[in-house]
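Input: a single structure, listed below in structure tokens.
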Amino acid sequence: MLEDLCSHQESLSMVAAPSDGFHGSQWRSTCLLPTEEQKRDVGHPGRATLDESLGDRSPWEEELLGQIRAMSDSQRSRVLEAIQHRIEEHTQVITIPGGSSGLGLQLPRAGHWGPSTVFCLQLLWKEVADPGIRELLAPLNLEPQQPVEKAFLFLVYGLILRECASSDLVRRHLMRLLELSHQTAGQREGMAVASGIASSSHLQEVWATLEHLGRTRVLRTACTSPDYQEPYTDVHWRWVSSTSLLCYGHMALHAGERILPWVDNVISRMVYYFSCSCYDNILETSFLSAAVMLVKALKQEHSTRRYRFTQIPELIQCLLAILQKEPNFLATLFRQKIILVIMELSKLQPSLKPVVKSRILQTCLQSLYMLPPMEMLKSCLPPLDLAPDVMVLYQKSMQALDLLLQTFISENKSMDEMCFLLQHTEPWLKSDKSHECKRVVQTIFLLLKYVVDYVKLTDEATPSMLGHQIGLLMLLWRDRDPVTQSHSRQCIYLLLQLLIQQKGSMGQFMHLNKMKNFEAKALRRSEMKFYNLVKALDRSLTPAQHTQLILTLLGGLCSHDHLQCDLASQLLLMIFQNQSIKVEQVAEILQGLFQELPSIVFKNILQTMMKAVTVLGTQHTQETVEVMLSLCHPSERQVLPLWKALANNNQLARKVLMLLYMKLKLRPPKELVRLSQQAELISLLALGTIYELLYTREYKATVRWAFAGILVGLLTQLHYLFELDVVEGISDYQEDSLEVKPLSPCRTCLEALKGLFWTTNYWEVFAYLQLLRGWELFEHLETYTEGVTLLARAMAHYDCEVKAVLGQAVISLKSSEERDNIVAILVITEFLNSQELTQYMSRRAMDNFLSLGLSSPNQLVRAMSLKGLTSILMDPKKVVLLRNQLAGLLDSFMGPEPQDLMGLMGDLGDILHSLGTQGIGATSIKMAPALLSLFEDEQAPVRGGAISLFGDVVHSGGKKYRPALKRQAFQALVPLLFHLVDSCPAVVMKTKLTFLRCAILLKWEFRKELFGKLAWGHGLGAENDIFIYMVWTAGRLGGGPRSPWSEARSSRPAGGEQLRQLPPVSHAGVDLPGQPPQKPEADGHEVHRGHPAGLLYRPLLFPEEGRPENLQEILGGPEEGLRLREPQILPELSGRHH
């Protein structure tokens, strides 16, 4: 049986190839000898004998058959009854330990045959006693003195049934035999042998008898628990299902050429009885024995290859169930036998479906790979009387697995099948246990060696998963086990050899052999080895396979093993640098990297991968940008490291921003955009990305370079969003909120616009709009054009990228999109007032562009173009006219009782703006004091208008009058400081802007910090900080003989008198808790000491002549009771002073 399968198949299955003429050397040790295997079998030792007795007939058997054939049916019946009676009456049971149920295997005691045996049986004993016959039977252990002598009775019983001509006689006596006890292994085997022999002549009768036994006995005992203490009668039938399984096995073995019509029925009964019976060692042994006999019978029938079986998958499933229940140690060859039986079944038709193969591979690999390491296999064994050779058992089991894999690939000689087999080794290639990884790599190596040497793949399939399996093997190149390292390298070369053979490229084949020999001599030169391997893979793998290889290596980056992570990162960098990545691979590669980024543990690995991204972006910039835009929403920021990596190369960073600008301009019309698709618009993704990159340090220089394009793109994008009517969330944004919420598209665009000026250090423009609340104009389509105009005015005023933005505006003016024309003409019209415009573009060129706007279908564009053509830059004759008009207005304004101050100031402001680059010259010196006197006007609109116009005047005098205007600005500081707490919010807003413009004109330090306090500061702390900035900068200016501060010091009495003439300070934010107002001064004015202006009454700003300045004294000392600045700021200011 099982021993026969091993011994008969040794020359074919264990050494030779399945069907391709392979006669190579053995890679694992050969099978155990049958005698050795018998010692380790948990079954009955006489079972091998029962099969061998069916071989060539000996002389005594021929004589025995002659005697039986000479009998009549009645004589045969009496002999059968006598044998049955003696088996039943004289068998006394002795228990031998063994068997999982605890009952053991039971054999009859010898020497109790009695004198009543019939004549024929006496003849048999006589024949057995003959020395010649005994010598022939000695190897079979059939001497009557041995405990197995009852097996001889079953043999005779079967022979008699076979020779009977009466079907009724056969059924009756076979049924009586099967009604004997099924408790012992000897009787179960004997009944099966007798049934098998009888079936060779009475197949239908034996089948009918077994069917009856199944209905009446097997199904009744099927669900009985083996652990339950049952009556004797139940134990009698307890293992009847095991007997039935053995009977079916022997039926198949004796059926000969009649096996095929019955085989599916036989298998179905075997599967059913196994599935519904209580599982134990006896059941699994019987089922495996029956399966072995069935496989042997099918191998002996030549027409088997043409027959289409229907029950093979079910039979294999039962074998796999037995394999899964095997303990996690090696004491028998059950694993080997099951795998060999499955191997033979897999050769039958139809071919196994992939799902069945997959189940086979998973179960077999798990059963063998999960065994303890070799050094622990022996120690894991339970106590046994005869300890097996664990090493031999292991080698035989692994060799059976090798043969199974070779059979699979021989039955389907394709690269798809190879990948299918390798796919099931993946869990073990990734195992953290070294011995499991070592086993699977050795198995793969032997399989690949076999295929390369003895199998010719029939198709040119190029499965993409082959790249994945190559990647898994490559990750083991630095494994700590040298055997695993060696086998993994050889596996790569064997796979490459298969690919080259498939393509039929002899040149590549020779190159691979040379490279392989070179690698063997230069194992220590790992970098060269990796490089050569990468080049070979690039030439041999398809793009899909190459992609899978890269994705697998990306997965290796997340390991907690630094050696493996470093290997994966270095290989990936080499692959990227080799310029082998195709355009169609970029998306999958970046998506895979993006998924693995959060799981990368080691910092140096992350740095290496960012270098690789830089290389990839350099080679495929457009595809890289497009994929990165689709990875996630920019506000989530997980993709930001990839964007940063693209900024490592300055030229690449510029290309990235250019592409983002181009994506920003992809704006489909509103009619083509569905509401559900708005969030997916490529222009919105580009917008969000630009917003994030503005605040990314790596892109700071690049953003400055692309300032003009980004600005115009953001302005037109905001107009486009208004067109789409996606304005939700633009006005309810709170800058000081700590809650992080994703910004709406409109708000993102506006914040990006603001951030563009702030991050490029054009903070003066930002401040100009912030303090005038100009950014709020961009929140509504109705005021959008006013916002663009104000922004362009501020840019022209502070000479903010005028040349570059003008160039972009000219391009936009030529665009067919109306929104582009609107933004362009608004910017160009305001830039006509820039002092530097004539350096960038001639008057004739500007005239042409403005004339182009006159033909625009948009009314606003036409009107603004006409306005630009009438500006003083385009018509210089207007300068004299405007200056004459200015002189007349100025006379009215500076008269004793001017009428309509607000109207006059408005006209003066318009003329100042219109004159632009021409300036107002000396007129500004006259206007400034007049405006300064209006700072304390009782009417808030007048105060606010005067303060605002003062800021325009001090900036319109030109370079010649700038020193004088600086003195005017300095004299205005104290009044402006008071008006920071003016009762009118509009006055406060204008005061802040004018105060900042004076600070910029005077070139204060901390101007940007001052703006921060003016824009976002609240309460006494902010007011104190503003005062400190003023005092600190004034102190720094005090050393120069011509500084405004020196002049202020020289005019101290007038300044003091001016302070005392100011109206009382009254503001809710000035009073301090617990500090009542101070008593009125001598002149009757009440001053709050808590407000910074209260300190002006002390001689701090105007110290005594000759008295040394002391910064700490100015900033506040212990005697003042209140410091003007939080303590943490003072050391910083002091440090800068020293």
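The chains in the structure tokens are called A, B, ... from first to last as shown; in each chain the residues are counted from 1, and the ligands are counted from 1 in the order shown.
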
- Residue contacts of Ile581 in chain A (10 Å, only C-alpha atoms) excluding same-chain residues fewer than 6 positions away, as a ChimeraX atom specification: /A:538,543,546-547,550,575,589,616,619-620

- Item | All residues 8 Å or closer to range 189-193 of chain A, only C-alpha atoms, same chain fewer than 3 positions away omitted, as a list in words |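 What passes the distance filter is Arg47, Leu50, Ala151, Phe154, Leu155, Gly158, Leu177, Leu178, Ala185, Gly186, Gly196, Ile197, Thr243, Ser244, Leu246, Cys247, Tyr248 and His250 of chain A.
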
- Restricting the calculation to only C-alpha atoms, which member of A:Cys749, A:Met795, A:Ala321, A:Cys491 is positioned closest to Tyr768 in chain A? A:Met795

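Taking only C-alpha atoms, the non-local environment of Ala940 in chain A within 9 Å (same-chain residues fewer than 4 positions away omitted) comprises Glu936, Gly944, Gly945, Asp982, Ser983, Cys984, Ala986 and Val987 of chain A.
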
- Query: Excluding same-chain residues fewer than 3 positions from Leu448 in chain A, what lies within 12 Å of it counting only C-alpha atoms, as number ranges by chain?
  - Reply: A: 402, 405-406, 409, 415, 418-419, 421-422, 441-445, 451-457, 487-488, 490-499

- In range 748-837 of chain A, DSSP helix (DSSP H, G or I) residues written as JSON, numbers by chain: {"A": [748, 749, 750, 751, 752, 753, 754, 755, 756, 757, 758, 759, 763, 764, 765, 766, 767, 768, 769, 770, 771, 775, 776, 777, 778, 779, 781, 782, 783, 784, 785, 786, 787, 788, 789, 790, 791, 792, 793, 794, 795, 796, 797, 802, 803, 804, 805, 806, 807, 808, 809, 810, 811, 812, 813, 818, 819, 820, 821, 822, 823, 824, 825, 826, 827, 828, 829, 830, 831, 837]}

Selection export as a PDB file, in the first residue's frame, atoms kept: C-alpha atoms:
```pdb
ATOM      1  CA  THR A 748      -7.878  79.265  -0.450  1.00  0.00           C
ATOM      2  CA  CYS A 749      -7.359  81.483  -3.474  1.00  0.00           C
ATOM      3  CA  LEU A 750      -7.593  84.673  -1.420  1.00  0.00           C
ATOM      4  CA  GLU A 751      -5.250  83.346   1.272  1.00  0.00           C
ATOM      5  CA  ALA A 752      -2.806  82.259  -1.422  1.00  0.00           C
ATOM      6  CA  LEU A 753      -2.943  85.761  -2.868  1.00  0.00           C
ATOM      7  CA  LYS A 754      -2.171  87.266   0.527  1.00  0.00           C
ATOM      8  CA  GLY A 755       0.496  84.671   1.242  1.00  0.00           C
ATOM      9  CA  LEU A 756       2.233  85.397  -2.043  1.00  0.00           C
ATOM     10  CA  PHE A 757       3.131  88.903  -0.855  1.00  0.00           C
ATOM     11  CA  TRP A 758       3.866  87.900   2.698  1.00  0.00           C
ATOM     12  CA  THR A 759       6.183  84.968   1.954  1.00  0.00           C
ATOM     13  CA  TRP A 763       4.980  92.755   3.196  1.00  0.00           C
ATOM     14  CA  GLU A 764       4.524  96.500   2.551  1.00  0.00           C
ATOM     15  CA  VAL A 765       1.974  95.684  -0.173  1.00  0.00           C
ATOM     16  CA  PHE A 766       0.307  93.203   2.106  1.00  0.00           C
ATOM     17  CA  ALA A 767       0.206  95.748   4.903  1.00  0.00           C
ATOM     18  CA  TYR A 768      -1.174  98.481   2.635  1.00  0.00           C
ATOM     19  CA  LEU A 769      -4.203  96.351   1.800  1.00  0.00           C
ATOM     20  CA  GLN A 770      -4.527  94.870   5.263  1.00  0.00           C
ATOM     21  CA  LEU A 771      -4.692  98.229   7.026  1.00  0.00           C
ATOM     22  CA  TRP A 775      -8.364  92.245   1.121  1.00  0.00           C
ATOM     23  CA  GLU A 776     -12.042  92.269   1.999  1.00  0.00           C
ATOM     24  CA  LEU A 777     -12.750  93.754  -1.418  1.00  0.00           C
ATOM     25  CA  PHE A 778     -11.783  90.409  -2.935  1.00  0.00           C
ATOM     26  CA  GLU A 779     -14.547  88.609  -1.042  1.00  0.00           C
ATOM     27  CA  LEU A 781     -17.580  89.947  -7.117  1.00  0.00           C
ATOM     28  CA  GLU A 782     -19.073  93.447  -6.902  1.00  0.00           C
ATOM     29  CA  THR A 783     -15.946  94.859  -5.251  1.00  0.00           C
ATOM     30  CA  TYR A 784     -13.448  92.523  -6.935  1.00  0.00           C
ATOM     31  CA  THR A 785     -12.254  95.148  -9.436  1.00  0.00           C
ATOM     32  CA  GLU A 786     -11.698  97.663  -6.639  1.00  0.00           C
ATOM     33  CA  GLY A 787      -9.534  95.104  -4.850  1.00  0.00           C
ATOM     34  CA  VAL A 788      -7.416  94.459  -7.948  1.00  0.00           C
ATOM     35  CA  THR A 789      -7.032  98.203  -8.493  1.00  0.00           C
ATOM     36  CA  LEU A 790      -5.971  98.825  -4.905  1.00  0.00           C
ATOM     37  CA  LEU A 791      -3.532  95.926  -5.026  1.00  0.00           C
ATOM     38  CA  ALA A 792      -1.959  97.172  -8.262  1.00  0.00           C
ATOM     39  CA  ARG A 793      -1.718 100.673  -6.789  1.00  0.00           C
ATOM     40  CA  ALA A 794       0.157  99.366  -3.759  1.00  0.00           C
ATOM     41  CA  MET A 795       2.492  97.334  -5.984  1.00  0.00           C
ATOM     42  CA  ALA A 796       3.244 100.369  -8.118  1.00  0.00           C
ATOM     43  CA  HIS A 797       3.785 102.473  -4.997  1.00  0.00           C
ATOM     44  CA  VAL A 802       6.292  95.840 -11.683  1.00  0.00           C
ATOM     45  CA  LYS A 803       8.269  94.742 -14.713  1.00  0.00           C
ATOM     46  CA  ALA A 804       7.422  91.037 -14.457  1.00  0.00           C
ATOM     47  CA  VAL A 805       3.787  91.566 -13.577  1.00  0.00           C
ATOM     48  CA  LEU A 806       3.441  94.059 -16.424  1.00  0.00           C
ATOM     49  CA  GLY A 807       4.732  91.441 -18.836  1.00  0.00           C
ATOM     50  CA  GLN A 808       2.194  88.883 -17.559  1.00  0.00           C
ATOM     51  CA  ALA A 809      -0.586  91.449 -17.762  1.00  0.00           C
ATOM     52  CA  VAL A 810       0.226  92.197 -21.380  1.00  0.00           C
ATOM     53  CA  ILE A 811       0.016  88.488 -22.182  1.00  0.00           C
ATOM     54  CA  SER A 812      -3.317  88.229 -20.379  1.00  0.00           C
ATOM     55  CA  LEU A 813      -4.640  91.239 -22.261  1.00  0.00           C
ATOM     56  CA  GLU A 818     -12.649  87.846 -20.570  1.00  0.00           C
ATOM     57  CA  ARG A 819     -11.506  87.393 -16.988  1.00  0.00           C
ATOM     58  CA  ASP A 820      -7.874  87.580 -18.114  1.00  0.00           C
ATOM     59  CA  ASN A 821      -8.540  90.843 -19.935  1.00  0.00           C
ATOM     60  CA  ILE A 822     -10.211  92.386 -16.872  1.00  0.00           C
ATOM     61  CA  VAL A 823      -7.322  91.602 -14.535  1.00  0.00           C
ATOM     62  CA  ALA A 824      -4.750  92.709 -17.095  1.00  0.00           C
ATOM     63  CA  ILE A 825      -6.291  96.109 -17.841  1.00  0.00           C
ATOM     64  CA  LEU A 826      -6.828  96.902 -14.152  1.00  0.00           C
ATOM     65  CA  VAL A 827      -3.181  96.152 -13.407  1.00  0.00           C
ATOM     66  CA  ILE A 828      -1.813  98.001 -16.429  1.00  0.00           C
ATOM     67  CA  THR A 829      -3.906 101.104 -15.763  1.00  0.00           C
ATOM     68  CA  GLU A 830      -2.609 101.412 -12.210  1.00  0.00           C
ATOM     69  CA  PHE A 831       0.948 100.659 -13.244  1.00  0.00           C
ATOM     70  CA  LEU A 837       7.224 101.962 -15.806  1.00  0.00           C
TER      71      LEU A 837
END
```

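Among A:Met658, A:Leu590, A:Leu1020, A:Leu687, the residue with the shortest atom-to-atom distance to Val639 in chain A, counting only C-alpha atoms, is A:Leu590.
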
- Message: as number ranges by chain, please: the residues near range 993-1002 of chain A (cut-off 8 Å, only C-alpha atoms, same-chain neighbours under 2 positions excluded).
- Response: A: 767-768, 771-772, 947-948, 950-951, 954-955, 966, 969-970, 973, 976-977, 989-991, 1004, 1007, 1010-1011

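Taking CA of Ser851 in chain A and CA of Ser871 in chain A as endpoints, the distance between them is 13.3 Å.
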
- Message: Give me the residues near Leu159 in chain A as an MDAnalysis selection string, where near means some atom within 12 Å (using only C-alpha atoms) and where sequence neighbours in that chain fewer than 2 positions away do not count.
- Response: chainID A and resid 53:54 61:62 64:69 76 79:80 152:157 161:164 170 174 193:202

- Pick out the residues sitting within 12 Å of Gln885 in chain A, and hand them over as a ChimeraX atom specification; count only C-alpha atoms, and ignore anything fewer than 2 positions along from it in its own chain. /A:878-883,887-892,904,907-908,910-912,914-915,920

Dump as a PDB file, in the first residue's frame, selection limited to N, CA, C and O atoms:
```pdb
ATOM      1  N   LYS A 878      -0.714 116.925 -19.807  1.00  0.00           N
ATOM      2  CA  LYS A 878      -1.644 117.072 -18.687  1.00  0.00           C
ATOM      3  C   LYS A 878      -0.935 117.415 -17.387  1.00  0.00           C
ATOM      4  O   LYS A 878      -1.582 117.818 -16.420  1.00  0.00           O
ATOM      5  N   VAL A 879       0.369 117.222 -17.319  1.00  0.00           N
ATOM      6  CA  VAL A 879       1.084 117.477 -16.074  1.00  0.00           C
ATOM      7  C   VAL A 879       0.954 118.930 -15.662  1.00  0.00           C
ATOM      8  O   VAL A 879       0.663 119.250 -14.495  1.00  0.00           O
ATOM      9  N   VAL A 880       1.181 119.839 -16.608  1.00  0.00           N
ATOM     10  CA  VAL A 880       1.082 121.280 -16.287  1.00  0.00           C
ATOM     11  C   VAL A 880      -0.325 121.617 -15.852  1.00  0.00           C
ATOM     12  O   VAL A 880      -0.539 122.358 -14.875  1.00  0.00           O
ATOM     13  N   LEU A 881      -1.301 121.087 -16.552  1.00  0.00           N
ATOM     14  CA  LEU A 881      -2.689 121.367 -16.213  1.00  0.00           C
ATOM     15  C   LEU A 881      -3.021 120.896 -14.807  1.00  0.00           C
ATOM     16  O   LEU A 881      -3.648 121.628 -14.018  1.00  0.00           O
ATOM     17  N   LEU A 882      -2.591 119.697 -14.457  1.00  0.00           N
ATOM     18  CA  LEU A 882      -2.892 119.160 -13.137  1.00  0.00           C
ATOM     19  C   LEU A 882      -2.177 119.942 -12.043  1.00  0.00           C
ATOM     20  O   LEU A 882      -2.727 120.175 -10.958  1.00  0.00           O
ATOM     21  N   ARG A 883      -0.944 120.375 -12.301  1.00  0.00           N
ATOM     22  CA  ARG A 883      -0.211 121.124 -11.284  1.00  0.00           C
ATOM     23  C   ARG A 883      -0.850 122.504 -11.078  1.00  0.00           C
ATOM     24  O   ARG A 883      -0.883 122.989  -9.942  1.00  0.00           O
ATOM     25  N   ALA A 887      -2.405 123.833  -7.557  1.00  0.00           N
ATOM     26  CA  ALA A 887      -2.064 125.107  -6.882  1.00  0.00           C
ATOM     27  C   ALA A 887      -3.327 125.832  -6.459  1.00  0.00           C
ATOM     28  O   ALA A 887      -3.415 126.387  -5.353  1.00  0.00           O
ATOM     29  N   GLY A 888      -4.340 125.856  -7.344  1.00  0.00           N
ATOM     30  CA  GLY A 888      -5.580 126.533  -6.994  1.00  0.00           C
ATOM     31  C   GLY A 888      -6.286 125.862  -5.827  1.00  0.00           C
ATOM     32  O   GLY A 888      -6.790 126.532  -4.914  1.00  0.00           O
ATOM     33  N   LEU A 889      -6.333 124.543  -5.840  1.00  0.00           N
ATOM     34  CA  LEU A 889      -6.982 123.806  -4.736  1.00  0.00           C
ATOM     35  C   LEU A 889      -6.214 124.003  -3.440  1.00  0.00           C
ATOM     36  O   LEU A 889      -6.820 124.118  -2.363  1.00  0.00           O
ATOM     37  N   LEU A 890      -4.904 124.064  -3.553  1.00  0.00           N
ATOM     38  CA  LEU A 890      -4.095 124.222  -2.349  1.00  0.00           C
ATOM     39  C   LEU A 890      -4.330 125.593  -1.718  1.00  0.00           C
ATOM     40  O   LEU A 890      -4.367 125.716  -0.482  1.00  0.00           O
ATOM     41  N   ASP A 891      -4.506 126.621  -2.537  1.00  0.00           N
ATOM     42  CA  ASP A 891      -4.800 127.942  -1.987  1.00  0.00           C
ATOM     43  C   ASP A 891      -6.121 127.924  -1.237  1.00  0.00           C
ATOM     44  O   ASP A 891      -6.241 128.517  -0.146  1.00  0.00           O
ATOM     45  N   SER A 892      -7.084 127.306  -1.788  1.00  0.00           N
ATOM     46  CA  SER A 892      -8.381 127.211  -1.105  1.00  0.00           C
ATOM     47  C   SER A 892      -8.266 126.408   0.177  1.00  0.00           C
ATOM     48  O   SER A 892      -8.871 126.734   1.203  1.00  0.00           O
ATOM     49  N   LEU A 904     -12.238 119.088  -0.759  1.00  0.00           N
ATOM     50  CA  LEU A 904     -10.915 119.558  -1.146  1.00  0.00           C
ATOM     51  C   LEU A 904      -9.864 118.459  -0.981  1.00  0.00           C
ATOM     52  O   LEU A 904      -9.023 118.244  -1.867  1.00  0.00           O
ATOM     53  N   ASP A 907     -10.209 115.922  -3.744  1.00  0.00           N
ATOM     54  CA  ASP A 907      -9.664 116.374  -5.023  1.00  0.00           C
ATOM     55  C   ASP A 907      -8.141 116.369  -5.006  1.00  0.00           C
ATOM     56  O   ASP A 907      -7.481 116.003  -5.994  1.00  0.00           O
ATOM     57  N   LEU A 908      -7.580 116.827  -3.869  1.00  0.00           N
ATOM     58  CA  LEU A 908      -6.123 116.822  -3.765  1.00  0.00           C
ATOM     59  C   LEU A 908      -5.561 115.409  -3.885  1.00  0.00           C
ATOM     60  O   LEU A 908      -4.538 115.167  -4.530  1.00  0.00           O
ATOM     61  N   ASP A 910      -6.927 112.881  -5.473  1.00  0.00           N
ATOM     62  CA  ASP A 910      -7.048 112.410  -6.859  1.00  0.00           C
ATOM     63  C   ASP A 910      -5.935 112.979  -7.733  1.00  0.00           C
ATOM     64  O   ASP A 910      -5.377 112.281  -8.600  1.00  0.00           O
ATOM     65  N   ILE A 911      -5.612 114.259  -7.517  1.00  0.00           N
ATOM     66  CA  ILE A 911      -4.555 114.884  -8.320  1.00  0.00           C
ATOM     67  C   ILE A 911      -3.201 114.247  -7.996  1.00  0.00           C
ATOM     68  O   ILE A 911      -2.383 113.992  -8.897  1.00  0.00           O
ATOM     69  N   LEU A 912      -2.971 114.003  -6.704  1.00  0.00           N
ATOM     70  CA  LEU A 912      -1.722 113.331  -6.328  1.00  0.00           C
ATOM     71  C   LEU A 912      -1.577 111.995  -7.041  1.00  0.00           C
ATOM     72  O   LEU A 912      -0.514 111.639  -7.548  1.00  0.00           O
ATOM     73  N   SER A 914      -3.088 111.067  -9.791  1.00  0.00           N
ATOM     74  CA  SER A 914      -2.984 111.237 -11.240  1.00  0.00           C
ATOM     75  C   SER A 914      -1.588 111.682 -11.664  1.00  0.00           C
ATOM     76  O   SER A 914      -1.085 111.264 -12.711  1.00  0.00           O
ATOM     77  N   LEU A 915      -0.976 112.532 -10.857  1.00  0.00           N
ATOM     78  CA  LEU A 915       0.368 112.971 -11.197  1.00  0.00           C
ATOM     79  C   LEU A 915       1.371 111.820 -11.147  1.00  0.00           C
ATOM     80  O   LEU A 915       2.312 111.762 -11.925  1.00  0.00           O
ATOM     81  N   ILE A 920       4.631 115.971  -6.665  1.00  0.00           N
ATOM     82  CA  ILE A 920       4.121 117.323  -6.443  1.00  0.00           C
ATOM     83  C   ILE A 920       5.230 118.253  -5.960  1.00  0.00           C
ATOM     84  O   ILE A 920       4.996 119.433  -5.715  1.00  0.00           O
TER      85      ILE A 920
END
```
